[in-house]
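For reference, the structure discussed in these notes is given below.
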Amino acid sequence: MRSGVLVTTHGLTLDGVVGQVRAAVKAGVSTAWLPQVFGGDALTTLAVTGREVPGIKLGTAVVPTYPRHPLALAGQALTVQGATGGRLTLGIGPSHRATIEGIYGYSYAQPVRHVREYVTALAPLLRGEPVEYRGETLTAVGALDVPVATPPSLMVAALGPAMLRLAGELADGTVTQFTGPRTIADHVVPTITRAAGEAGRPAPRVVVGLAVCVSDDPSARRELLGTIYAAVGTGGEPSYRAMLDREGVATAVDVAIAGDEATVERELRRYADAGATEFMATLFGTDEENARTLELIASFG
């Protein structure tokens, strides 16, 4: 199980993000991921960061599909792939109804169909092929001239059965959030692996997003995290609620990992045993705790 860290960009300048990725490299972490939220552009940031910081794989977790046409996103992703020497994993997802309808004003009536059509158009573009696709939710006709040696790996944020089957059939794997080890073992891994096998694709990547903190005061850390995650699974993000219910827990804090080195290592190994191929840690401690956490998670390779 490869190690990764999600660089939470809130409040960070571009130089601050570069500094966080440098710290991950120094610790020996395999991959640095950036979210695409309501701040700086994740792919642009990765292009700059990748030129500044060698020796670490880079990924988005995740870029919402609705606001970006497949041709536009493919052109941007291929540019980042070239700028970083082929180190990009492009994670995409449909986001949530509250965001897509309430903020962007798009219909969220058919998210699975939308993502299926989006990936069908996007994947060939990432391989340098022209596309002529006319679907129910989008049209994409054209080609790109962005030469790269290898296409970026394409991941789909998938939690429910239909989206997991789609990710296994059409993409390289999935990126999850707020999903516990039992749900990874019993639901995520078998569903996406079966779909990939039936489609004749390689075994999928399963990247598990986790809040992780090595701390001598885990109760205090969990209390802090509770304020950050207070709204997760309470209404606007039903897919997260479904994952928490599958795991049999009440809140997102219940699937976070906090404790001393032995405790955190034991909990991370539960995900490896469940079939996760990689994890993506969100750090939520003090600077000293985060340094301890980076050192531990880097030991996973």
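Following the order of the structure tokens, first chain is A, next is B, and so on, with residues numbered from 1 inside each chain and ligands from 1 in the order they appear.
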Based on the backbone DSSP call, show me all residues of segment 80-153 of chain A assigned strand (DSSP E or B), as a list in words.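 Put together, the selection reads Leu88, Thr89, Leu90, Gly91, Ile92, Gly93, Val131, Glu132, Tyr133, Arg134, Thr139, Ala140, Val141, Gly142 and Ser153 of chain A.
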Just to be explicit: take each residue in the selection above, keep C-alpha atoms, and write the result as a compact mmCIF listing (two decimals), in the first residue's frame.
```txt
# COMPACT_ATOMS: atom_id res chain seq x y z
CA LEU A 88 0.14 13.05 -12.82
CA THR A 89 -2.87 11.06 -11.67
CA LEU A 90 -6.04 12.85 -12.76
CA GLY A 91 -8.76 12.21 -10.21
CA ILE A 92 -12.22 13.41 -11.26
CA GLY A 93 -15.71 13.20 -9.80
CA VAL A 131 -12.98 12.09 -29.99
CA GLU A 132 -16.40 12.31 -31.57
CA TYR A 133 -18.92 11.69 -28.84
CA ARG A 134 -22.52 12.82 -28.67
CA THR A 139 -21.07 16.42 -26.66
CA ALA A 140 -17.33 16.32 -27.29
CA VAL A 141 -15.94 16.51 -30.82
CA GLY A 142 -12.31 17.33 -31.50
CA SER A 153 -3.66 7.78 -14.86
```
Find the residues near segment 279-290 of chain A: any atom within 7 Å, counting only C-alpha atoms, skip ones fewer than 4 places away on the same chain, and give them as a list in words. Arg2, Ser3, Gly4, Val5, Leu6, Val207, Val208, Gly209, Leu210, Ala211, Val212, Cys213, Val214, Ser215, Arg221 and Leu294 of chain A
Would you put the residues from that selection into a file with all heavy atoms, as a short mmCIF file (atom, residue, chain, number, x, y, z; two decimals), in the first residue's frame?
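Generated output (part-v5.cif):
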```
data_model
loop_
_atom_site.label_atom_id
_atom_site.label_comp_id
_atom_site.auth_asym_id
_atom_site.auth_seq_id
_atom_site.Cartn_x
_atom_site.Cartn_y
_atom_site.Cartn_z
N ARG A 2 0.79 2.03 -1.07
CA ARG A 2 1.62 3.21 -1.20
C ARG A 2 1.09 4.36 -0.35
O ARG A 2 -0.11 4.50 -0.14
CB ARG A 2 1.69 3.67 -2.66
CG ARG A 2 2.48 2.75 -3.57
CD ARG A 2 3.18 3.52 -4.67
NE ARG A 2 2.33 4.51 -5.30
CZ ARG A 2 1.75 4.33 -6.49
NH1 ARG A 2 1.90 3.20 -7.12
NH2 ARG A 2 1.02 5.28 -7.02
N SER A 3 1.99 5.22 0.10
CA SER A 3 1.62 6.33 0.96
C SER A 3 1.35 7.59 0.15
O SER A 3 1.96 7.82 -0.90
CB SER A 3 2.73 6.62 1.97
OG SER A 3 3.92 7.01 1.29
N GLY A 4 0.44 8.40 0.62
CA GLY A 4 0.16 9.68 -0.01
C GLY A 4 -0.35 10.66 1.02
O GLY A 4 -0.81 10.28 2.10
N VAL A 5 -0.29 11.95 0.67
CA VAL A 5 -0.80 12.99 1.57
C VAL A 5 -1.63 13.96 0.75
O VAL A 5 -1.28 14.32 -0.38
CB VAL A 5 0.37 13.71 2.28
CG1 VAL A 5 1.30 14.41 1.30
CG2 VAL A 5 -0.15 14.70 3.32
N LEU A 6 -2.78 14.34 1.30
CA LEU A 6 -3.62 15.35 0.68
C LEU A 6 -3.21 16.71 1.25
O LEU A 6 -3.34 16.94 2.46
CB LEU A 6 -5.10 15.08 0.96
CG LEU A 6 -6.10 16.08 0.34
CD1 LEU A 6 -6.14 15.91 -1.18
CD2 LEU A 6 -7.49 15.88 0.94
N VAL A 207 -7.53 4.14 -3.93
CA VAL A 207 -6.90 5.15 -3.09
C VAL A 207 -7.88 5.56 -2.01
O VAL A 207 -8.99 6.02 -2.31
CB VAL A 207 -6.47 6.38 -3.91
CG1 VAL A 207 -5.78 7.41 -3.02
CG2 VAL A 207 -5.56 5.97 -5.06
N VAL A 208 -7.49 5.38 -0.76
CA VAL A 208 -8.39 5.62 0.36
C VAL A 208 -8.01 6.93 1.04
O VAL A 208 -6.90 7.07 1.54
CB VAL A 208 -8.33 4.46 1.37
CG1 VAL A 208 -9.20 4.75 2.57
CG2 VAL A 208 -8.76 3.16 0.70
N GLY A 209 -8.94 7.88 1.04
CA GLY A 209 -8.71 9.15 1.73
C GLY A 209 -9.01 9.02 3.21
O GLY A 209 -10.08 8.58 3.60
N LEU A 210 -8.03 9.40 4.06
CA LEU A 210 -8.15 9.24 5.51
C LEU A 210 -7.64 10.48 6.23
O LEU A 210 -6.66 11.09 5.79
CB LEU A 210 -7.29 8.05 5.98
CG LEU A 210 -7.53 6.69 5.37
CD1 LEU A 210 -6.38 5.75 5.71
CD2 LEU A 210 -8.83 6.13 5.88
N ALA A 211 -8.26 10.84 7.32
CA ALA A 211 -7.69 11.82 8.23
C ALA A 211 -6.80 11.07 9.21
O ALA A 211 -7.25 10.13 9.87
CB ALA A 211 -8.80 12.57 8.97
N VAL A 212 -5.53 11.46 9.30
CA VAL A 212 -4.54 10.70 10.07
C VAL A 212 -3.73 11.65 10.94
O VAL A 212 -3.27 12.69 10.47
CB VAL A 212 -3.58 9.92 9.15
CG1 VAL A 212 -2.62 9.07 9.97
CG2 VAL A 212 -4.36 9.05 8.16
N CYS A 213 -3.55 11.27 12.22
CA CYS A 213 -2.73 12.08 13.12
C CYS A 213 -2.03 11.19 14.14
O CYS A 213 -2.68 10.48 14.90
CB CYS A 213 -3.59 13.11 13.85
SG CYS A 213 -2.65 14.20 14.94
N VAL A 214 -0.70 11.25 14.14
CA VAL A 214 0.08 10.63 15.21
C VAL A 214 0.15 11.64 16.35
O VAL A 214 0.67 12.73 16.19
CB VAL A 214 1.49 10.25 14.74
CG1 VAL A 214 2.31 9.74 15.92
CG2 VAL A 214 1.41 9.19 13.64
N SER A 215 -0.43 11.26 17.49
CA SER A 215 -0.55 12.22 18.59
C SER A 215 -0.55 11.51 19.93
O SER A 215 -1.04 10.37 20.04
CB SER A 215 -1.86 13.02 18.44
OG SER A 215 -2.09 13.85 19.55
N ARG A 221 -7.31 15.82 19.39
CA ARG A 221 -7.27 15.92 17.93
C ARG A 221 -8.63 15.57 17.33
O ARG A 221 -9.10 16.23 16.40
CB ARG A 221 -6.21 14.96 17.36
CG ARG A 221 -4.81 15.29 17.72
CD ARG A 221 -4.38 16.65 17.16
NE ARG A 221 -3.85 17.50 18.21
CZ ARG A 221 -4.19 18.75 18.43
NH1 ARG A 221 -5.08 19.35 17.68
NH2 ARG A 221 -3.66 19.45 19.40
N LEU A 294 3.89 12.21 9.01
CA LEU A 294 4.55 12.04 7.72
C LEU A 294 5.61 10.95 7.79
O LEU A 294 5.74 10.12 6.88
CB LEU A 294 5.18 13.35 7.27
CG LEU A 294 4.27 14.39 6.63
CD1 LEU A 294 5.05 15.67 6.35
CD2 LEU A 294 3.65 13.87 5.35
#
```
Would you mind telling me which residue in A:Val175, A:Leu225, A:Ala231, A:Ala298 lies nearest to Ala256 of chain A when using only C-alpha atoms? A:Leu225
Taking a cut-off of 12 Å and counting only C-alpha atoms, can you build a table that, for each residue of segment 11-85 of chain A near segment 97-100 of chain A, reports the nearest atom pair and how far apart they are in Å (one decimal), sorted by chain then residue number, as a Markdown table?
```
| residue | atom | partner | partner_atom | distance |
| --- | --- | --- | --- | --- |
| A:Val37 | CA | A:Thr99 | CA | 10.3 |
| A:Phe38 | CA | A:Thr99 | CA | 10.6 |
| A:Pro64 | CA | A:Ile100 | CA | 8.9 |
| A:Thr65 | CA | A:Ile100 | CA | 9.6 |
| A:Tyr66 | CA | A:Ile100 | CA | 7.2 |
| A:Pro67 | CA | A:Ile100 | CA | 8.3 |
| A:Arg68 | CA | A:Ile100 | CA | 11.8 |
```
What's around Arg87 of chain A at 8 Å? Count only C-alpha atoms, leave out sequence neighbours fewer than 6 positions away in its own chain, and write the answer as a ChimeraX atom specification. /A:56-58,81,152
List the neighbours of Ala72 of chain A out to 10 Å using only C-alpha atoms; skip same-chain residues closer than 4 positions along the sequence, and give me the result as a ChimeraX atom specification. /A:68,76-77,122,144
Since we have the selection now, will you write its residues out, keeping all heavy atoms, as a PDB file, in the first residue's frame?
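Final output, saved to out.pdb:
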```pdb
ATOM      1  N   ARG A  68     -16.161  21.684 -16.116  1.00  0.00           N
ATOM      2  CA  ARG A  68     -15.086  21.656 -17.108  1.00  0.00           C
ATOM      3  C   ARG A  68     -15.409  20.657 -18.211  1.00  0.00           C
ATOM      4  O   ARG A  68     -15.586  19.459 -17.950  1.00  0.00           O
ATOM      5  CB  ARG A  68     -13.749  21.273 -16.455  1.00  0.00           C
ATOM      6  CG  ARG A  68     -13.376  22.184 -15.307  1.00  0.00           C
ATOM      7  CD  ARG A  68     -11.933  22.004 -14.902  1.00  0.00           C
ATOM      8  NE  ARG A  68     -11.672  22.702 -13.647  1.00  0.00           N
ATOM      9  CZ  ARG A  68     -10.471  23.063 -13.214  1.00  0.00           C
ATOM     10  NH1 ARG A  68      -9.421  22.770 -13.951  1.00  0.00           N
ATOM     11  NH2 ARG A  68     -10.313  23.685 -12.073  1.00  0.00           N
ATOM     12  N   GLN A  76      -5.701  20.597 -20.244  1.00  0.00           N
ATOM     13  CA  GLN A  76      -5.010  21.041 -19.041  1.00  0.00           C
ATOM     14  C   GLN A  76      -4.230  19.888 -18.404  1.00  0.00           C
ATOM     15  O   GLN A  76      -3.071  20.047 -18.001  1.00  0.00           O
ATOM     16  CB  GLN A  76      -6.010  21.626 -18.046  1.00  0.00           C
ATOM     17  CG  GLN A  76      -5.353  22.338 -16.889  1.00  0.00           C
ATOM     18  CD  GLN A  76      -6.371  22.958 -15.936  1.00  0.00           C
ATOM     19  OE1 GLN A  76      -7.561  22.614 -15.970  1.00  0.00           O
ATOM     20  NE2 GLN A  76      -5.914  23.857 -15.091  1.00  0.00           N
ATOM     21  N   ALA A  77      -4.856  18.728 -18.299  1.00  0.00           N
ATOM     22  CA  ALA A  77      -4.198  17.588 -17.667  1.00  0.00           C
ATOM     23  C   ALA A  77      -2.972  17.140 -18.454  1.00  0.00           C
ATOM     24  O   ALA A  77      -1.934  16.803 -17.871  1.00  0.00           O
ATOM     25  CB  ALA A  77      -5.183  16.430 -17.525  1.00  0.00           C
ATOM     26  N   LEU A 122     -13.429  11.706 -22.276  1.00  0.00           N
ATOM     27  CA  LEU A 122     -12.138  12.162 -21.757  1.00  0.00           C
ATOM     28  C   LEU A 122     -11.007  11.173 -21.997  1.00  0.00           C
ATOM     29  O   LEU A 122      -9.884  11.564 -22.363  1.00  0.00           O
ATOM     30  CB  LEU A 122     -12.269  12.437 -20.257  1.00  0.00           C
ATOM     31  CG  LEU A 122     -11.017  12.860 -19.507  1.00  0.00           C
ATOM     32  CD1 LEU A 122     -10.535  14.229 -19.987  1.00  0.00           C
ATOM     33  CD2 LEU A 122     -11.275  12.872 -17.993  1.00  0.00           C
ATOM     34  N   LEU A 144      -6.714  17.112 -29.613  1.00  0.00           N
ATOM     35  CA  LEU A 144      -5.767  17.991 -28.944  1.00  0.00           C
ATOM     36  C   LEU A 144      -4.358  17.725 -29.464  1.00  0.00           C
ATOM     37  O   LEU A 144      -4.024  16.588 -29.791  1.00  0.00           O
ATOM     38  CB  LEU A 144      -5.806  17.762 -27.431  1.00  0.00           C
ATOM     39  CG  LEU A 144      -7.125  18.069 -26.729  1.00  0.00           C
ATOM     40  CD1 LEU A 144      -7.091  17.528 -25.304  1.00  0.00           C
ATOM     41  CD2 LEU A 144      -7.416  19.558 -26.728  1.00  0.00           C
TER      42      LEU A 144
END
```
Nearby residues (only C-alpha atoms) at most 9 Å from Asp273 of chain A, same-chain spacing under 4 positions excluded, as a compact mmCIF listing (two decimals) with N, CA, C and O atoms, in the first residue's frame:
```txt
# COMPACT_ATOMS: atom_id res chain seq x y z
N PRO A 181 -12.54 0.70 6.80
CA PRO A 181 -11.90 -0.51 6.27
C PRO A 181 -12.87 -1.64 5.96
O PRO A 181 -12.66 -2.39 4.99
N ALA A 185 -13.30 -3.32 2.24
CA ALA A 185 -13.14 -4.75 2.01
C ALA A 185 -14.38 -5.41 1.44
O ALA A 185 -14.29 -6.27 0.54
N LEU A 268 -3.82 1.71 9.80
CA LEU A 268 -3.52 1.80 8.37
C LEU A 268 -3.40 0.41 7.75
O LEU A 268 -3.83 0.19 6.61
N ARG A 269 -2.84 -0.52 8.49
CA ARG A 269 -2.68 -1.87 7.95
C ARG A 269 -4.03 -2.56 7.75
O ARG A 269 -4.17 -3.46 6.93
```
Quick one: everything within 10 Å of segment 14-26 of chain A, counting only C-alpha atoms, minus sequence neighbours fewer than 6 positions away in the same chain. Send it as a PDB file with N, CA, C and O atoms, in the first residue's frame.
```pdb
ATOM      1  N   GLY A   4       0.442   8.405   0.620  1.00  0.00           N
ATOM      2  CA  GLY A   4       0.163   9.685  -0.006  1.00  0.00           C
ATOM      3  C   GLY A   4      -0.352  10.664   1.017  1.00  0.00           C
ATOM      4  O   GLY A   4      -0.806  10.283   2.097  1.00  0.00           O
ATOM      5  N   VAL A   5      -0.293  11.954   0.675  1.00  0.00           N
ATOM      6  CA  VAL A   5      -0.795  12.989   1.566  1.00  0.00           C
ATOM      7  C   VAL A   5      -1.632  13.964   0.752  1.00  0.00           C
ATOM      8  O   VAL A   5      -1.278  14.320  -0.381  1.00  0.00           O
ATOM      9  N   LEU A   6      -2.778  14.342   1.295  1.00  0.00           N
ATOM     10  CA  LEU A   6      -3.624  15.355   0.675  1.00  0.00           C
ATOM     11  C   LEU A   6      -3.213  16.706   1.250  1.00  0.00           C
ATOM     12  O   LEU A   6      -3.335  16.941   2.460  1.00  0.00           O
ATOM     13  N   VAL A   7      -2.709  17.582   0.403  1.00  0.00           N
ATOM     14  CA  VAL A   7      -2.289  18.912   0.842  1.00  0.00           C
ATOM     15  C   VAL A   7      -3.524  19.803   0.873  1.00  0.00           C
ATOM     16  O   VAL A   7      -4.069  20.162  -0.165  1.00  0.00           O
ATOM     17  N   THR A   8      -4.014  20.099   2.056  1.00  0.00           N
ATOM     18  CA  THR A   8      -5.188  20.962   2.190  1.00  0.00           C
ATOM     19  C   THR A   8      -4.743  22.392   1.937  1.00  0.00           C
ATOM     20  O   THR A   8      -3.993  22.976   2.718  1.00  0.00           O
ATOM     21  N   ALA A  32       1.706  13.239  -3.585  1.00  0.00           N
ATOM     22  CA  ALA A  32       1.040  14.414  -3.031  1.00  0.00           C
ATOM     23  C   ALA A  32      -0.203  14.698  -3.866  1.00  0.00           C
ATOM     24  O   ALA A  32      -0.121  14.799  -5.091  1.00  0.00           O
ATOM     25  N   TRP A  33      -1.332  14.816  -3.187  1.00  0.00           N
ATOM     26  CA  TRP A  33      -2.614  15.055  -3.852  1.00  0.00           C
ATOM     27  C   TRP A  33      -3.103  16.459  -3.510  1.00  0.00           C
ATOM     28  O   TRP A  33      -2.882  16.947  -2.399  1.00  0.00           O
ATOM     29  N   LEU A  34      -3.806  17.088  -4.451  1.00  0.00           N
ATOM     30  CA  LEU A  34      -4.432  18.379  -4.200  1.00  0.00           C
ATOM     31  C   LEU A  34      -5.927  18.272  -4.467  1.00  0.00           C
ATOM     32  O   LEU A  34      -6.347  17.667  -5.455  1.00  0.00           O
ATOM     33  N   GLY A  40      -7.462  28.121  -5.320  1.00  0.00           N
ATOM     34  CA  GLY A  40      -6.607  28.064  -6.491  1.00  0.00           C
ATOM     35  C   GLY A  40      -6.848  26.821  -7.320  1.00  0.00           C
ATOM     36  O   GLY A  40      -7.385  25.813  -6.848  1.00  0.00           O
ATOM     37  N   THR A  44      -3.155  23.670 -12.207  1.00  0.00           N
ATOM     38  CA  THR A  44      -2.131  24.695 -12.405  1.00  0.00           C
ATOM     39  C   THR A  44      -1.102  24.641 -11.283  1.00  0.00           C
ATOM     40  O   THR A  44       0.110  24.731 -11.517  1.00  0.00           O
ATOM     41  N   THR A  45      -1.584  24.480 -10.055  1.00  0.00           N
ATOM     42  CA  THR A  45      -0.685  24.389  -8.908  1.00  0.00           C
ATOM     43  C   THR A  45       0.239  23.187  -9.029  1.00  0.00           C
ATOM     44  O   THR A  45       1.432  23.263  -8.719  1.00  0.00           O
ATOM     45  N   LEU A  46      -0.294  22.056  -9.502  1.00  0.00           N
ATOM     46  CA  LEU A  46       0.547  20.862  -9.661  1.00  0.00           C
ATOM     47  C   LEU A  46       1.583  21.047 -10.758  1.00  0.00           C
ATOM     48  O   LEU A  46       2.707  20.527 -10.652  1.00  0.00           O
ATOM     49  N   VAL A  48       3.129  23.826 -11.515  1.00  0.00           N
ATOM     50  CA  VAL A  48       4.202  24.614 -10.909  1.00  0.00           C
ATOM     51  C   VAL A  48       4.959  23.777  -9.887  1.00  0.00           C
ATOM     52  O   VAL A  48       6.199  23.739  -9.869  1.00  0.00           O
ATOM     53  N   THR A  49       4.213  23.096  -9.038  1.00  0.00           N
ATOM     54  CA  THR A  49       4.838  22.300  -7.971  1.00  0.00           C
ATOM     55  C   THR A  49       5.717  21.206  -8.548  1.00  0.00           C
ATOM     56  O   THR A  49       6.826  20.950  -8.060  1.00  0.00           O
ATOM     57  N   GLY A  50       5.246  20.551  -9.591  1.00  0.00           N
ATOM     58  CA  GLY A  50       6.016  19.477 -10.188  1.00  0.00           C
ATOM     59  C   GLY A  50       7.331  19.957 -10.778  1.00  0.00           C
ATOM     60  O   GLY A  50       8.317  19.215 -10.789  1.00  0.00           O
ATOM     61  N   ARG A  51       7.359  21.187 -11.291  1.00  0.00           N
ATOM     62  CA  ARG A  51       8.611  21.749 -11.809  1.00  0.00           C
ATOM     63  C   ARG A  51       9.562  22.117 -10.682  1.00  0.00           C
ATOM     64  O   ARG A  51      10.773  22.068 -10.832  1.00  0.00           O
ATOM     65  N   GLU A  52       8.977  22.479  -9.526  1.00  0.00           N
ATOM     66  CA  GLU A  52       9.785  22.897  -8.381  1.00  0.00           C
ATOM     67  C   GLU A  52      10.275  21.708  -7.553  1.00  0.00           C
ATOM     68  O   GLU A  52      11.356  21.765  -6.958  1.00  0.00           O
ATOM     69  N   VAL A  53       9.460  20.645  -7.501  1.00  0.00           N
ATOM     70  CA  VAL A  53       9.740  19.542  -6.580  1.00  0.00           C
ATOM     71  C   VAL A  53       9.782  18.229  -7.357  1.00  0.00           C
ATOM     72  O   VAL A  53       8.740  17.689  -7.739  1.00  0.00           O
ATOM     73  N   PRO A  54      10.959  17.677  -7.588  1.00  0.00           N
ATOM     74  CA  PRO A  54      11.048  16.381  -8.262  1.00  0.00           C
ATOM     75  C   PRO A  54      10.838  15.245  -7.269  1.00  0.00           C
ATOM     76  O   PRO A  54      10.800  15.443  -6.058  1.00  0.00           O
ATOM     77  N   GLY A  55      10.675  14.050  -7.819  1.00  0.00           N
ATOM     78  CA  GLY A  55      10.746  12.853  -6.993  1.00  0.00           C
ATOM     79  C   GLY A  55       9.497  12.476  -6.240  1.00  0.00           C
ATOM     80  O   GLY A  55       9.563  11.684  -5.299  1.00  0.00           O
ATOM     81  N   ILE A  56       8.341  13.007  -6.632  1.00  0.00           N
ATOM     82  CA  ILE A  56       7.098  12.604  -5.975  1.00  0.00           C
ATOM     83  C   ILE A  56       5.983  12.590  -7.016  1.00  0.00           C
ATOM     84  O   ILE A  56       5.923  13.465  -7.892  1.00  0.00           O
ATOM     85  N   LYS A  57       5.133  11.588  -6.947  1.00  0.00           N
ATOM     86  CA  LYS A  57       3.982  11.544  -7.838  1.00  0.00           C
ATOM     87  C   LYS A  57       2.945  12.567  -7.371  1.00  0.00           C
ATOM     88  O   LYS A  57       2.885  12.918  -6.182  1.00  0.00           O
ATOM     89  N   LEU A  58       2.105  13.020  -8.300  1.00  0.00           N
ATOM     90  CA  LEU A  58       1.163  14.099  -8.032  1.00  0.00           C
ATOM     91  C   LEU A  58      -0.226  13.691  -8.502  1.00  0.00           C
ATOM     92  O   LEU A  58      -0.376  12.973  -9.490  1.00  0.00           O
ATOM     93  N   ALA A 291       4.671  16.187  11.499  1.00  0.00           N
ATOM     94  CA  ALA A 291       5.982  15.642  11.132  1.00  0.00           C
ATOM     95  C   ALA A 291       6.079  14.171  11.531  1.00  0.00           C
ATOM     96  O   ALA A 291       6.595  13.334  10.766  1.00  0.00           O
ATOM     97  N   LEU A 294       3.892  12.210   9.011  1.00  0.00           N
ATOM     98  CA  LEU A 294       4.550  12.038   7.722  1.00  0.00           C
ATOM     99  C   LEU A 294       5.612  10.946   7.793  1.00  0.00           C
ATOM    100  O   LEU A 294       5.736  10.118   6.882  1.00  0.00           O
ATOM    101  N   GLU A 295       6.384  10.949   8.865  1.00  0.00           N
ATOM    102  CA  GLU A 295       7.437   9.941   9.000  1.00  0.00           C
ATOM    103  C   GLU A 295       6.843   8.544   9.053  1.00  0.00           C
ATOM    104  O   GLU A 295       7.369   7.598   8.439  1.00  0.00           O
ATOM    105  N   ILE A 297       3.734   7.509   7.881  1.00  0.00           N
ATOM    106  CA  ILE A 297       3.056   7.074   6.667  1.00  0.00           C
ATOM    107  C   ILE A 297       4.048   6.810   5.548  1.00  0.00           C
ATOM    108  O   ILE A 297       3.805   5.973   4.673  1.00  0.00           O
ATOM    109  N   ALA A 298       5.196   7.505   5.552  1.00  0.00           N
ATOM    110  CA  ALA A 298       6.212   7.260   4.524  1.00  0.00           C
ATOM    111  C   ALA A 298       6.761   5.845   4.605  1.00  0.00           C
ATOM    112  O   ALA A 298       7.240   5.300   3.611  1.00  0.00           O
TER     113      ALA A 298
END
```
